[in-house]
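Enquirer: Got upload.csv for you, CSV, C-alpha atoms and all ligand atoms:
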```csv
chain,number,residue,atom,x,y,z
A,1,MET,CA,5.2,33.8,-6.2
A,2,ALA,CA,2.2,32.4,-4.4
A,3,PRO,CA,2.4,29.1,-2.4
A,4,ARG,CA,0.8,26.0,-4.1
A,5,THR,CA,-0.8,23.1,-2.3
A,6,PHE,CA,-0.7,19.4,-3.3
A,7,ARG,CA,-2.2,16.2,-1.9
A,8,ALA,CA,-1.4,12.5,-2.3
A,9,PRO,CA,-3.6,9.8,-0.7
A,10,GLY,CA,-2.7,6.7,1.3
A,11,ARG,CA,-4.3,3.4,0.3
A,12,VAL,CA,-5.9,0.2,1.4
A,13,ASN,CA,-5.4,-3.0,-0.4
A,14,LEU,CA,-8.7,-4.8,-0.9
A,15,ILE,CA,-7.3,-8.1,-2.0
A,16,GLY,CA,-4.0,-9.4,-3.5
A,17,GLU,CA,-1.5,-9.7,-0.6
A,18,HIS,CA,2.2,-10.6,-1.2
A,19,THR,CA,1.4,-11.0,-4.9
A,20,ASP,CA,3.1,-7.7,-5.9
A,21,TYR,CA,6.7,-9.0,-5.7
A,22,ASN,CA,5.6,-12.2,-7.5
A,23,ASP,CA,4.6,-10.2,-10.6
A,24,GLY,CA,1.0,-10.8,-9.8
A,25,PHE,CA,-2.3,-8.9,-9.3
A,26,VAL,CA,-3.3,-6.5,-6.5
A,27,MET,CA,-6.4,-4.4,-5.9
A,28,PRO,CA,-5.9,-1.3,-3.8
A,29,ALA,CA,-7.9,1.9,-3.6
A,30,ALA,CA,-6.7,5.4,-2.7
A,31,ILE,CA,-8.4,6.5,0.5
A,32,ASN,CA,-9.7,9.8,2.0
A,33,PHE,CA,-6.6,10.2,4.2
A,34,SER,CA,-3.9,12.2,2.4
A,35,THR,CA,-0.5,13.8,2.9
A,36,TRP,CA,-0.8,17.5,2.1
A,37,LEU,CA,2.1,19.6,1.0
A,38,THR,CA,2.3,23.4,0.7
A,39,LEU,CA,5.2,24.6,-1.5
A,40,PHE,CA,6.7,28.1,-1.0
A,41,PRO,CA,9.1,29.0,-3.8
A,42,LEU,CA,12.6,29.9,-2.6
A,43,SER,CA,15.3,31.8,-4.4
A,44,GLU,CA,18.0,30.0,-2.5
A,45,ASN,CA,19.6,26.9,-3.9
A,46,ARG,CA,18.0,24.5,-1.5
A,47,ILE,CA,14.9,22.6,-0.5
A,48,GLU,CA,13.6,23.0,3.1
A,49,ILE,CA,11.3,20.3,4.3
A,50,TYR,CA,9.1,20.8,7.4
A,51,SER,CA,6.9,18.1,8.8
A,52,GLU,CA,4.0,19.3,11.0
A,53,ASN,CA,3.6,15.7,12.3
A,54,PHE,CA,7.2,15.7,13.7
A,55,GLN,CA,7.5,19.6,14.0
A,56,GLU,CA,10.9,19.3,12.6
A,57,GLU,CA,12.8,20.7,9.6
A,58,VAL,CA,15.5,19.4,7.4
A,59,VAL,CA,17.4,21.2,4.6
A,60,PHE,CA,18.6,19.7,1.4
A,61,ASP,CA,21.4,21.9,0.1
A,62,PHE,CA,22.0,21.6,-3.7
A,63,ASP,CA,25.6,22.8,-3.2
A,64,ASN,CA,26.3,20.2,-0.5
A,65,PRO,CA,23.8,17.4,-1.1
A,66,GLN,CA,23.0,14.6,1.3
A,67,THR,CA,23.8,11.3,-0.4
A,68,ALA,CA,22.9,8.7,2.1
A,69,ARG,CA,19.9,8.0,4.3
A,70,ALA,CA,19.8,9.3,7.8
A,71,LYS,CA,17.3,6.8,9.2
A,72,HIS,CA,14.9,9.7,9.7
A,73,TRP,CA,11.4,10.5,8.5
A,74,SER,CA,13.0,12.9,5.9
A,75,ASP,CA,14.6,10.0,4.1
A,76,TYR,CA,11.3,9.5,2.1
A,77,ALA,CA,11.3,13.1,0.8
A,78,ILE,CA,15.1,13.4,0.4
A,79,GLY,CA,15.1,10.0,-1.4
A,80,VAL,CA,12.7,11.5,-4.0
A,81,ILE,CA,14.9,14.6,-4.4
A,82,VAL,CA,18.0,12.4,-4.8
A,83,MET,CA,16.3,10.2,-7.5
A,84,LEU,CA,15.1,13.3,-9.4
A,85,LEU,CA,18.6,14.8,-9.4
A,86,GLN,CA,20.1,11.4,-10.4
A,87,ASP,CA,17.7,11.4,-13.4
A,88,GLY,CA,19.2,14.8,-14.4
A,89,CYS,CA,16.2,16.9,-13.4
A,90,LYS,CA,16.9,20.6,-12.6
A,91,LEU,CA,15.1,21.4,-9.3
A,92,ARG,CA,14.1,24.9,-8.2
A,93,GLY,CA,14.5,26.0,-4.6
A,94,ALA,CA,11.5,25.5,-2.4
A,95,ARG,CA,10.1,25.2,1.2
A,96,LEU,CA,7.8,22.2,1.6
A,97,VAL,CA,5.4,22.2,4.5
A,98,ILE,CA,4.0,18.7,5.0
A,99,ARG,CA,1.0,17.7,7.0
A,100,GLY,CA,0.1,14.0,7.0
A,101,GLU,CA,-3.3,12.7,7.9
A,102,VAL,CA,-2.6,9.1,6.9
A,103,PRO,CA,-1.9,7.3,10.2
A,104,LEU,CA,1.9,6.7,10.3
A,105,GLY,CA,3.1,3.1,10.3
A,106,ALA,CA,-0.4,1.6,10.3
A,107,GLY,CA,-0.1,-0.1,6.9
A,108,LEU,CA,-2.1,2.6,5.0
A,109,SER,CA,1.1,3.7,3.2
A,110,SER,CA,1.9,7.1,4.7
A,111,SER,CA,5.4,6.5,3.3
A,112,ALA,CA,4.2,6.3,-0.4
A,113,ALA,CA,1.8,9.3,0.2
A,114,LEU,CA,4.8,11.4,1.4
A,115,GLU,CA,7.0,10.3,-1.5
A,116,VAL,CA,4.3,10.9,-4.1
A,117,VAL,CA,3.3,14.3,-2.8
A,118,THR,CA,6.9,15.4,-2.7
A,119,ALA,CA,7.7,14.1,-6.2
A,120,TYR,CA,4.4,15.5,-7.6
A,121,ALA,CA,4.9,19.0,-6.1
A,122,LEU,CA,8.6,19.3,-7.1
A,123,ALA,CA,7.9,18.2,-10.6
A,124,ALA,CA,5.1,20.8,-10.9
A,125,HIS,CA,7.2,23.6,-9.3
A,126,SER,CA,10.2,22.9,-11.5
A,127,GLU,CA,8.1,22.3,-14.6
A,128,LEU,CA,9.6,18.8,-15.2
A,129,ASN,CA,6.7,17.3,-17.1
A,130,ILE,CA,7.2,13.7,-15.8
A,131,GLU,CA,4.5,11.2,-16.6
A,132,ASN,CA,2.7,9.5,-13.7
A,133,HIS,CA,4.0,6.1,-14.5
A,134,GLU,CA,7.6,7.5,-14.3
A,135,LEU,CA,6.8,9.3,-11.0
A,136,ALA,CA,5.5,6.0,-9.5
A,137,LYS,CA,8.7,4.2,-10.5
A,138,LEU,CA,10.8,7.0,-9.2
A,139,CYS,CA,9.1,7.0,-5.8
A,140,GLN,CA,9.4,3.2,-5.5
A,141,LYS,CA,13.1,3.6,-6.4
A,142,ALA,CA,13.5,6.2,-3.7
A,143,GLU,CA,12.0,3.8,-1.1
A,144,ILE,CA,14.1,0.8,-2.3
A,145,GLU,CA,17.5,2.5,-2.9
A,146,PHE,CA,17.5,5.5,-0.5
A,147,VAL,CA,15.2,4.5,2.4
A,148,GLY,CA,16.3,0.8,2.1
A,149,ALA,CA,12.9,-0.9,2.1
A,150,ARG,CA,12.3,-3.6,-0.6
A,151,VAL,CA,8.8,-2.5,-1.6
A,152,GLY,CA,6.6,-3.3,-4.6
A,153,ILE,CA,5.1,-0.5,-6.7
A,154,MET,CA,1.5,-0.8,-5.6
A,155,ASP,CA,1.4,2.0,-3.0
A,156,GLN,CA,3.0,4.7,-5.2
A,157,PHE,CA,1.0,3.6,-8.2
A,158,VAL,CA,-2.4,3.9,-6.6
A,159,SER,CA,-1.5,7.1,-4.8
A,160,LEU,CA,-1.1,8.6,-8.3
A,161,PHE,CA,-3.7,6.6,-10.4
A,162,GLY,CA,-6.5,6.0,-7.9
A,163,GLU,CA,-10.0,7.4,-8.6
A,164,ALA,CA,-13.0,8.4,-6.5
A,165,ASN,CA,-15.3,5.4,-5.8
A,166,LYS,CA,-13.1,3.1,-7.7
A,167,ALA,CA,-10.8,0.2,-6.8
A,168,LEU,CA,-7.7,-0.3,-9.0
A,169,LEU,CA,-6.8,-3.7,-10.4
A,170,LEU,CA,-3.1,-3.6,-11.1
A,171,ASP,CA,-1.0,-6.1,-13.0
A,172,CYS,CA,2.3,-5.6,-11.2
A,173,ARG,CA,4.2,-7.1,-14.1
A,174,SER,CA,3.0,-4.9,-17.0
A,175,LEU,CA,1.7,-2.0,-14.8
A,176,GLU,CA,-1.5,-2.2,-16.8
A,177,TYR,CA,-4.5,-1.3,-14.7
A,178,LYS,CA,-8.2,-1.2,-14.7
A,179,LEU,CA,-10.6,0.9,-12.5
A,180,LEU,CA,-13.5,-1.0,-11.0
A,181,PRO,CA,-16.7,0.4,-9.5
A,182,LEU,CA,-17.0,0.3,-5.7
A,183,PRO,CA,-20.5,0.0,-4.2
A,184,THR,CA,-22.0,3.3,-3.1
A,185,ASP,CA,-24.0,1.8,-0.3
A,186,ALA,CA,-21.0,0.2,1.4
A,187,ASN,CA,-17.8,1.5,3.1
A,188,LEU,CA,-14.3,0.2,3.3
A,189,VAL,CA,-13.7,0.1,7.0
A,190,VAL,CA,-10.1,-0.3,8.2
A,191,CYS,CA,-9.5,-1.6,11.7
A,192,ASN,CA,-6.1,-1.1,13.3
A,193,THR,CA,-5.0,-3.9,15.7
A,194,MET,CA,-2.6,-1.3,17.2
A,195,VAL,CA,0.1,-4.0,17.3
A,196,LYS,CA,3.2,-4.6,15.2
A,197,HIS,CA,5.1,-7.8,16.0
A,198,GLU,CA,8.9,-7.9,15.8
A,199,LEU,CA,8.8,-10.9,13.4
A,200,ALA,CA,7.5,-8.8,10.5
A,201,ALA,CA,10.8,-7.8,8.8
A,202,SER,CA,12.6,-11.2,9.1
A,203,ALA,CA,9.5,-13.1,8.1
A,204,TYR,CA,9.0,-10.8,5.0
A,205,ASN,CA,12.5,-11.7,3.8
A,206,GLU,CA,12.0,-15.4,4.5
A,207,ARG,CA,8.7,-15.4,2.6
A,208,ARG,CA,10.3,-13.7,-0.4
A,209,GLN,CA,13.1,-16.3,-0.4
A,210,GLN,CA,10.6,-19.1,-0.2
A,211,CYS,CA,8.7,-17.7,-3.2
A,212,GLU,CA,12.0,-17.4,-5.1
A,213,GLU,CA,12.8,-21.0,-4.2
A,214,GLY,CA,9.4,-22.1,-5.6
A,215,VAL,CA,10.2,-20.3,-8.9
A,216,ARG,CA,13.6,-21.9,-9.0
A,217,VAL,CA,12.2,-25.4,-8.8
A,218,LEU,CA,9.1,-24.8,-10.9
A,219,SER,CA,10.9,-23.0,-13.7
A,220,GLY,CA,13.1,-26.1,-14.1
A,221,LEU,CA,9.9,-28.1,-14.8
A,222,LEU,CA,7.9,-25.5,-16.6
A,223,PRO,CA,10.1,-23.4,-18.9
A,224,THR,CA,7.5,-20.6,-19.3
A,225,VAL,CA,7.7,-19.8,-15.5
A,226,LYS,CA,9.5,-16.6,-14.7
A,227,ALA,CA,7.6,-15.8,-11.5
A,228,LEU,CA,4.8,-17.4,-9.5
A,229,ARG,CA,2.5,-15.3,-11.5
A,230,ASP,CA,3.0,-17.8,-14.4
A,231,VAL,CA,2.0,-20.8,-12.4
A,232,THR,CA,-1.6,-22.1,-12.3
A,233,PRO,CA,-3.1,-23.9,-9.3
A,234,ASP,CA,-3.3,-27.1,-11.3
A,235,GLN,CA,0.4,-26.9,-12.3
A,236,LEU,CA,1.3,-26.3,-8.7
A,237,GLU,CA,-0.6,-29.4,-7.6
A,238,THR,CA,1.0,-31.5,-10.4
A,239,HIS,CA,4.5,-30.7,-9.1
A,240,ARG,CA,3.7,-30.5,-5.4
A,241,GLU,CA,6.0,-33.4,-4.6
A,242,ARG,CA,9.0,-31.5,-6.0
A,243,LEU,CA,8.6,-28.7,-3.4
A,244,GLU,CA,9.4,-28.7,0.3
A,245,GLU,CA,6.1,-28.6,2.3
A,246,ASP,CA,6.7,-25.0,3.5
A,247,VAL,CA,7.6,-23.7,0.0
A,248,TYR,CA,4.6,-25.5,-1.5
A,249,ARG,CA,2.2,-23.8,0.9
A,250,ARG,CA,3.8,-20.3,0.4
A,251,CYS,CA,3.4,-20.9,-3.4
A,252,ARG,CA,-0.2,-22.1,-3.0
A,253,HIS,CA,-1.1,-18.8,-1.3
A,254,ILE,CA,0.4,-16.7,-4.1
A,255,VAL,CA,-1.0,-18.8,-6.9
A,256,THR,CA,-4.5,-19.0,-5.5
A,257,GLU,CA,-4.5,-15.3,-4.4
A,258,ASN,CA,-3.9,-14.3,-8.0
A,259,VAL,CA,-7.0,-16.2,-9.0
A,260,ARG,CA,-8.9,-14.6,-6.2
A,261,VAL,CA,-8.0,-11.1,-7.2
A,262,LEU,CA,-9.2,-11.7,-10.8
A,263,ALA,CA,-12.4,-13.3,-9.5
A,264,ALA,CA,-12.9,-10.3,-7.1
A,265,ALA,CA,-12.6,-7.9,-10.0
A,266,GLU,CA,-15.3,-9.8,-11.8
A,267,ALA,CA,-17.5,-9.7,-8.7
A,268,LEU,CA,-17.1,-5.9,-8.4
A,269,GLU,CA,-18.0,-5.4,-12.1
A,270,GLN,CA,-21.1,-7.5,-11.5
A,271,GLY,CA,-21.9,-5.7,-8.2
A,272,ASP,CA,-21.8,-9.0,-6.4
A,273,LEU,CA,-20.6,-8.0,-3.0
A,274,GLY,CA,-21.5,-11.3,-1.4
A,275,ARG,CA,-19.0,-13.0,-3.7
A,276,PHE,CA,-16.4,-10.3,-3.2
A,277,GLY,CA,-16.7,-10.7,0.6
A,278,GLU,CA,-16.3,-14.5,0.4
A,279,LEU,CA,-13.0,-13.9,-1.6
A,280,MET,CA,-11.8,-11.5,1.2
A,281,TYR,CA,-12.4,-14.2,3.9
A,282,GLU,CA,-10.7,-16.8,1.7
A,283,SER,CA,-7.7,-14.5,1.2
A,284,HIS,CA,-7.4,-14.1,4.9
A,285,ARG,CA,-7.6,-17.9,5.5
A,286,SER,CA,-4.8,-18.4,2.9
A,287,LEU,CA,-2.6,-15.7,4.4
A,288,ARG,CA,-3.2,-17.2,7.9
A,289,ASP,CA,-2.7,-20.9,7.1
A,290,ASP,CA,-0.6,-21.1,3.9
A,291,PHE,CA,1.5,-17.9,3.9
A,292,GLU,CA,1.5,-17.7,7.8
A,293,VAL,CA,1.8,-14.0,8.1
A,294,SER,CA,-1.3,-13.3,10.2
A,295,CYS,CA,-1.3,-13.1,14.0
A,296,LEU,CA,-3.8,-13.5,16.9
A,297,GLU,CA,-4.9,-9.9,16.8
A,298,LEU,CA,-5.6,-9.9,13.0
A,299,ASP,CA,-7.5,-13.2,13.3
A,300,CYS,CA,-9.5,-11.9,16.2
A,301,LEU,CA,-10.6,-8.8,14.2
A,302,VAL,CA,-11.6,-10.9,11.2
A,303,GLU,CA,-13.6,-13.3,13.4
A,304,GLN,CA,-15.3,-10.5,15.2
A,305,ALA,CA,-16.3,-8.9,11.9
A,306,ARG,CA,-17.7,-12.2,10.6
A,307,CYS,CA,-20.3,-12.1,13.3
A,308,VAL,CA,-21.6,-8.6,12.5
A,309,GLU,CA,-24.6,-8.1,10.3
A,310,GLY,CA,-24.0,-6.1,7.2
A,311,VAL,CA,-20.4,-7.2,6.8
A,312,PHE,CA,-19.6,-8.7,3.4
A,313,GLY,CA,-16.0,-9.7,4.0
A,314,ALA,CA,-12.9,-9.0,6.1
A,315,ARG,CA,-9.2,-9.8,5.8
A,316,MET,CA,-5.8,-8.7,7.0
A,317,THR,CA,-4.3,-6.1,4.7
A,318,GLY,CA,-0.6,-5.2,4.3
A,319,GLY,CA,2.4,-7.3,5.2
A,320,GLY,CA,0.9,-8.9,8.3
A,321,PHE,CA,2.0,-9.6,11.9
A,322,GLY,CA,-0.1,-6.7,13.0
A,323,GLY,CA,-1.3,-3.6,11.3
A,324,CYS,CA,-4.8,-3.5,9.9
A,325,THR,CA,-7.8,-5.4,8.6
A,326,VAL,CA,-10.0,-4.2,5.8
A,327,ASN,CA,-13.7,-4.8,5.9
A,328,LEU,CA,-16.5,-4.2,3.4
A,329,VAL,CA,-19.5,-3.1,5.4
A,330,ALA,CA,-22.9,-1.9,4.4
A,331,ARG,CA,-23.1,1.8,5.1
A,332,ASP,CA,-26.0,1.4,7.5
A,333,SER,CA,-24.1,-1.1,9.6
A,334,VAL,CA,-20.9,0.9,10.0
A,335,GLU,CA,-21.7,2.4,13.4
A,336,GLY,CA,-22.9,-1.0,14.8
A,337,PHE,CA,-19.8,-2.6,13.3
A,338,LYS,CA,-17.5,-0.2,15.2
A,339,HIS,CA,-19.2,-0.9,18.5
A,340,LEU,CA,-19.4,-4.7,18.2
A,341,VAL,CA,-15.9,-5.3,16.8
A,342,GLY,CA,-14.4,-2.7,19.1
A,343,ASP,CA,-15.9,-4.3,22.2
A,344,GLY,CA,-15.2,-7.8,21.1
A,345,TYR,CA,-11.5,-7.0,20.3
A,346,LYS,CA,-11.1,-5.2,23.6
A,347,LYS,CA,-12.5,-8.1,25.5
A,348,ALA,CA,-10.3,-10.6,23.8
A,349,THR,CA,-7.0,-8.7,23.7
A,350,GLY,CA,-7.3,-5.8,26.2
A,351,ILE,CA,-6.5,-3.4,23.3
A,352,VAL,CA,-8.8,-0.6,22.0
A,353,PRO,CA,-8.6,-0.7,18.1
A,354,GLU,CA,-8.8,2.3,15.9
A,355,PHE,CA,-11.3,2.5,13.0
A,356,TYR,CA,-10.9,4.4,9.8
A,357,ILE,CA,-14.0,4.8,7.7
A,358,CYS,CA,-12.7,5.0,4.1
A,359,GLU,CA,-14.0,6.2,0.8
A,360,ALA,CA,-12.0,5.8,-2.4
A,361,VAL,CA,-10.7,9.1,-3.7
A,362,ASN,CA,-8.7,10.5,-6.6
A,363,GLY,CA,-4.9,10.2,-6.7
A,364,ALA,CA,-2.3,12.9,-6.3
A,365,GLU,CA,-3.3,16.4,-7.5
A,366,GLU,CA,-2.7,20.1,-7.0
A,367,VAL,CA,-5.6,21.6,-5.0
A,368,SER,CA,-6.8,25.2,-4.9
A,369,ASN,CA,-6.2,26.9,-1.5
A,370,GLU,CA,-9.9,27.1,-0.8
A,371,GLU,CA,-10.2,23.3,-1.2
A,372,GLU,CA,-7.3,22.8,1.2
A,373,GLN,CA,-8.9,25.0,3.8
A,374,GLY,CA,-12.0,22.8,3.7
A,375,GLY,CA,-9.9,19.8,4.4
A,376,ASP,CA,-11.0,16.3,3.7
B,1,LIG,P1,3.2,3.1,6.4
B,1,LIG,O1,3.7,3.5,5.0
B,1,LIG,O2,2.4,1.9,6.5
B,1,LIG,O3,2.5,4.3,7.1
B,1,LIG,P2,6.1,3.1,6.9
B,1,LIG,O4,6.9,2.6,8.1
B,1,LIG,O5,6.3,2.5,5.6
B,1,LIG,O6,4.5,2.9,7.3
B,1,LIG,O7,6.2,4.6,6.8
B,1,LIG,C1,6.0,5.5,7.9
B,1,LIG,C2,7.1,6.5,8.0
B,1,LIG,O8,7.0,7.4,6.9
B,1,LIG,C3,7.1,7.3,9.2
B,1,LIG,O9,7.6,6.7,10.3
B,1,LIG,C4,7.9,8.6,8.8
B,1,LIG,O10,9.2,8.3,8.8
B,1,LIG,C5,7.5,8.7,7.3
B,1,LIG,N1,6.3,9.6,7.2
B,1,LIG,C6,5.1,9.4,6.7
B,1,LIG,N2,4.3,10.5,6.8
B,1,LIG,C7,5.0,11.5,7.2
B,1,LIG,C8,4.8,12.9,7.5
B,1,LIG,N3,3.6,13.4,7.4
B,1,LIG,N4,5.8,13.6,8.1
B,1,LIG,C9,7.0,13.0,8.2
B,1,LIG,N5,7.3,11.7,8.0
B,1,LIG,C10,6.3,11.0,7.5
B,2,MG,MG,5.1,2.2,3.9
```
Turn this file's structure into structure tokens for me.
Expert:
Amino acid sequence: MAPRTFRAPGRVNLIGEHTDYNDGFVMPAAINFSTWLTLFPLSENRIEIYSENFQEEVVFDFDNPQTARAKHWSDYAIGVIVMLLQDGCKLRGARLVIRGEVPLGAGLSSSAALEVVTAYALAAHSELNIENHELAKLCQKAEIEFVGARVGIMDQFVSLFGEANKALLLDCRSLEYKLLPLPTDANLVVCNTMVKHELAASAYNERRQQCEEGVRVLSGLLPTVKALRDVTPDQLETHRERLEEDVYRRCRHIVTENVRVLAAAEALEQGDLGRFGELMYESHRSLRDDFEVSCLELDCLVEQARCVEGVFGARMTGGGFGGCTVNLVARDSVEGFKHLVGDGYKKATGIVPEFYICEAVNGAEEVSNEEEQGGD
């Protein structure tokens, strides 16, 4: 049988940060950086996985299956295999050759792209007929239960459901979504600070606990509250005194961020990029001052961007404490933006940032071999 090639994209989140695990709204887009997978059918009872990025191979043997993570890049793919088997799926033997063009560990979700392309390819090869909603949940489960990272479903969801030139407004509670038009005369430009501060993991857990504490107190006062998603900014203000100052400010970020995501969706539908950009800046301010997950480098990139003509908005994207900013930049201004922000950031920090000029693309798919040769 002939080899088959599949692709699943990374993503950038335009607005809606830390709202996913509070049952709230997010607005990512799938981007033109994908993880590619070529599948060669095998008659043996195993799945071989080769990563060109790591130039390394691992083998999953159905007769002697790996059951625990190895703290290795292969955990993301093996996790997907283990979850498929746990669900009772019968998998056929295959060799998977993986080539990732999503920068690894930069906050553009190379991990979800790897999970999704693996799940998508194996489902097609073994004729499993699994619906995309189920695939997204299965990939999220692989990352939570096998890899051991407590992630939301946004990354896997948009890697499957994204569409060209569209942002995806996702309700993380119901998993209902809406595709929104992105402007054709502006680019999403992602800037990588090239730093990742140690604090990230412990702070993430602390923020989750503070959000849970907010829900515990507020649900005692407002019986309809199951998550911060159910709290309005007015309700939060009314009960402000009942919360510790830190918890109040964490909650204020989540509650106002949800309002901003919905306002940003309206702005996109009306083609109002000025308004959309203001909401991006406001989101950054809230993440910096209320949720306190920004850092000097992220703040510096946002301030540099603010001074450049043709920039509608900028904000940190991803968990924080390093990683990337996302910027909405008029197409004609992208080259100037790279120069000015690159120079300014280098002067301020001594670090040369990376830029990724992004377009929104379709979610996971099988590609014909000619397409694959052309690349992205
Ligand atoms: P992000 O998802 O933001 O890129 P993560 O730390 O969540 O960062 O995931 C990155 C990890 O995913 C890598 O360190 C590696 O283990 C795995 N990974 C992603 N893409 C590939 C690939 N093409 N080949 C092998 N492993 C990959
Ligand atoms: Mg990841």
Enquirer: Go through region 283-363 of chain A residue by residue and, counting only C-alpha atoms, keep those with an atom at most 7 Å from region 184-189 of chain A; for each kept residue give the shortest atom pair and its distance in Å to one decimal, ordered by chain and increasing number, as CSV.
Expert:
```
residue,atom,partner,partner_atom,distance
A:Val326,CA,A:Val189,CA,5.8
A:Asn327,CA,A:Val189,CA,5.0
A:Leu328,CA,A:Leu188,CA,4.9
A:Val329,CA,A:Ala186,CA,5.4
A:Ala330,CA,A:Ala186,CA,4.1
A:Arg331,CA,A:Ala186,CA,4.5
A:Phe355,CA,A:Val189,CA,6.9
A:Tyr356,CA,A:Val189,CA,5.8
A:Ile357,CA,A:Val189,CA,4.8
A:Cys358,CA,A:Leu188,CA,5.1
A:Glu359,CA,A:Asn187,CA,6.5
```
Enquirer: For the contact check between chain A and ligand MG 2 (chain B), emit one row per residue of chain A within 7 Å, containing the shortest atom pair and the distance in Å rounded to one decimal, counting all atoms listed in the file, chain then rising number order, as CSV.
Expert:
```
residue,atom,partner,partner_atom,distance
A:Gly105,CA,B:MG2,MG,6.8
A:Gly107,CA,B:MG2,MG,6.4
A:Ser109,CA,B:MG2,MG,4.3
A:Ser110,CA,B:MG2,MG,5.9
A:Ser111,CA,B:MG2,MG,4.4
A:Ala112,CA,B:MG2,MG,6.0
```
Enquirer: Using only C-alpha atoms and all ligand atoms, which residue out of A:Ala106, A:Cys172, A:Ala364, A:Val311 lies closest to ligand LIG 1 (chain B)?
Expert: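 Nearest candidate to ligand LIG 1 (chain B) out of A:Ala106, A:Cys172, A:Ala364, A:Val311: A:Ala106.
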Enquirer: Can I get the residues close to ligand LIG 1 (chain B) as a ChimeraX atom specification, where close means within 10 Å and we count all atoms listed in the file?
Expert: /A:10-12,34-37,49-57,71-77,97-115,143,147,149,151,155,318-319,323-324
Enquirer: Grab the CA of Asp246 (chain A) to CA of Glu212 (chain A) distance for me, in Å with one decimal place.
Expert: 12.6 Å
Enquirer: Between A:Tyr345, A:Tyr248, A:Tyr120, A:Tyr281, which has the minimum distance to Glu297 (chain A) (counting only C-alpha atoms)?
Expert: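 Checking each of A:Tyr345, A:Tyr248, A:Tyr120, A:Tyr281 against Glu297 (chain A), counting only C-alpha atoms, the winner is A:Tyr345.
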Enquirer: Write out as a ChimeraX atom specification each polymer residue whose atoms come within 12 Å of Ala94 (chain A), counting all atoms listed in the file; drop sequence neighbours fewer than 4 positions from it.
Expert: /A:1-4,37-50,59-62,81,118,121-126
Enquirer: For the selection just defined, write its residues with C-alpha atoms to a file, as a PDB file, in the frame of the given file.
Expert:
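Result file follows (again-v8.pdb):
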```pdb
ATOM      1  CA  MET A   1       5.200  33.800  -6.200  1.00  0.00           C
ATOM      2  CA  ALA A   2       2.200  32.400  -4.400  1.00  0.00           C
ATOM      3  CA  PRO A   3       2.400  29.100  -2.400  1.00  0.00           C
ATOM      4  CA  ARG A   4       0.800  26.000  -4.100  1.00  0.00           C
ATOM      5  CA  LEU A  37       2.100  19.600   1.000  1.00  0.00           C
ATOM      6  CA  THR A  38       2.300  23.400   0.700  1.00  0.00           C
ATOM      7  CA  LEU A  39       5.200  24.600  -1.500  1.00  0.00           C
ATOM      8  CA  PHE A  40       6.700  28.100  -1.000  1.00  0.00           C
ATOM      9  CA  PRO A  41       9.100  29.000  -3.800  1.00  0.00           C
ATOM     10  CA  LEU A  42      12.600  29.900  -2.600  1.00  0.00           C
ATOM     11  CA  SER A  43      15.300  31.800  -4.400  1.00  0.00           C
ATOM     12  CA  GLU A  44      18.000  30.000  -2.500  1.00  0.00           C
ATOM     13  CA  ASN A  45      19.600  26.900  -3.900  1.00  0.00           C
ATOM     14  CA  ARG A  46      18.000  24.500  -1.500  1.00  0.00           C
ATOM     15  CA  ILE A  47      14.900  22.600  -0.500  1.00  0.00           C
ATOM     16  CA  GLU A  48      13.600  23.000   3.100  1.00  0.00           C
ATOM     17  CA  ILE A  49      11.300  20.300   4.300  1.00  0.00           C
ATOM     18  CA  TYR A  50       9.100  20.800   7.400  1.00  0.00           C
ATOM     19  CA  VAL A  59      17.400  21.200   4.600  1.00  0.00           C
ATOM     20  CA  PHE A  60      18.600  19.700   1.400  1.00  0.00           C
ATOM     21  CA  ASP A  61      21.400  21.900   0.100  1.00  0.00           C
ATOM     22  CA  PHE A  62      22.000  21.600  -3.700  1.00  0.00           C
ATOM     23  CA  ILE A  81      14.900  14.600  -4.400  1.00  0.00           C
ATOM     24  CA  THR A 118       6.900  15.400  -2.700  1.00  0.00           C
ATOM     25  CA  ALA A 121       4.900  19.000  -6.100  1.00  0.00           C
ATOM     26  CA  LEU A 122       8.600  19.300  -7.100  1.00  0.00           C
ATOM     27  CA  ALA A 123       7.900  18.200 -10.600  1.00  0.00           C
ATOM     28  CA  ALA A 124       5.100  20.800 -10.900  1.00  0.00           C
ATOM     29  CA  HIS A 125       7.200  23.600  -9.300  1.00  0.00           C
ATOM     30  CA  SER A 126      10.200  22.900 -11.500  1.00  0.00           C
TER      31      SER A 126
END
```
Enquirer: Report, in Å to a single decimal, how far apart CA of Thr19 (chain A) and CA of His239 (chain A) are.
Expert: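 Going from CA of His239 (chain A) over to CA of Thr19 (chain A), I get 20.4 Å.
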Enquirer: So which residues touch Met154 (chain A) within 8 Å, counting all atoms listed in the file, skipping near sequence neighbours fewer than 6 positions away, as a list in words?
Expert: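 Listing them by chain and then by number gives Asp20, Val26, Pro28, Leu170 and Cys172 of chain A.
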Enquirer: Could the residues in this selection be saved with C-alpha atoms as a JSON list (two decimals), in the frame of the given file?
Expert:
```
[["chain", "number", "residue", "atom", "x", "y", "z"],
["A", 20, "ASP", "CA", 3.10, -7.70, -5.90],
["A", 26, "VAL", "CA", -3.30, -6.50, -6.50],
["A", 28, "PRO", "CA", -5.90, -1.30, -3.80],
["A", 170, "LEU", "CA", -3.10, -3.60, -11.10],
["A", 172, "CYS", "CA", 2.30, -5.60, -11.20]]
```
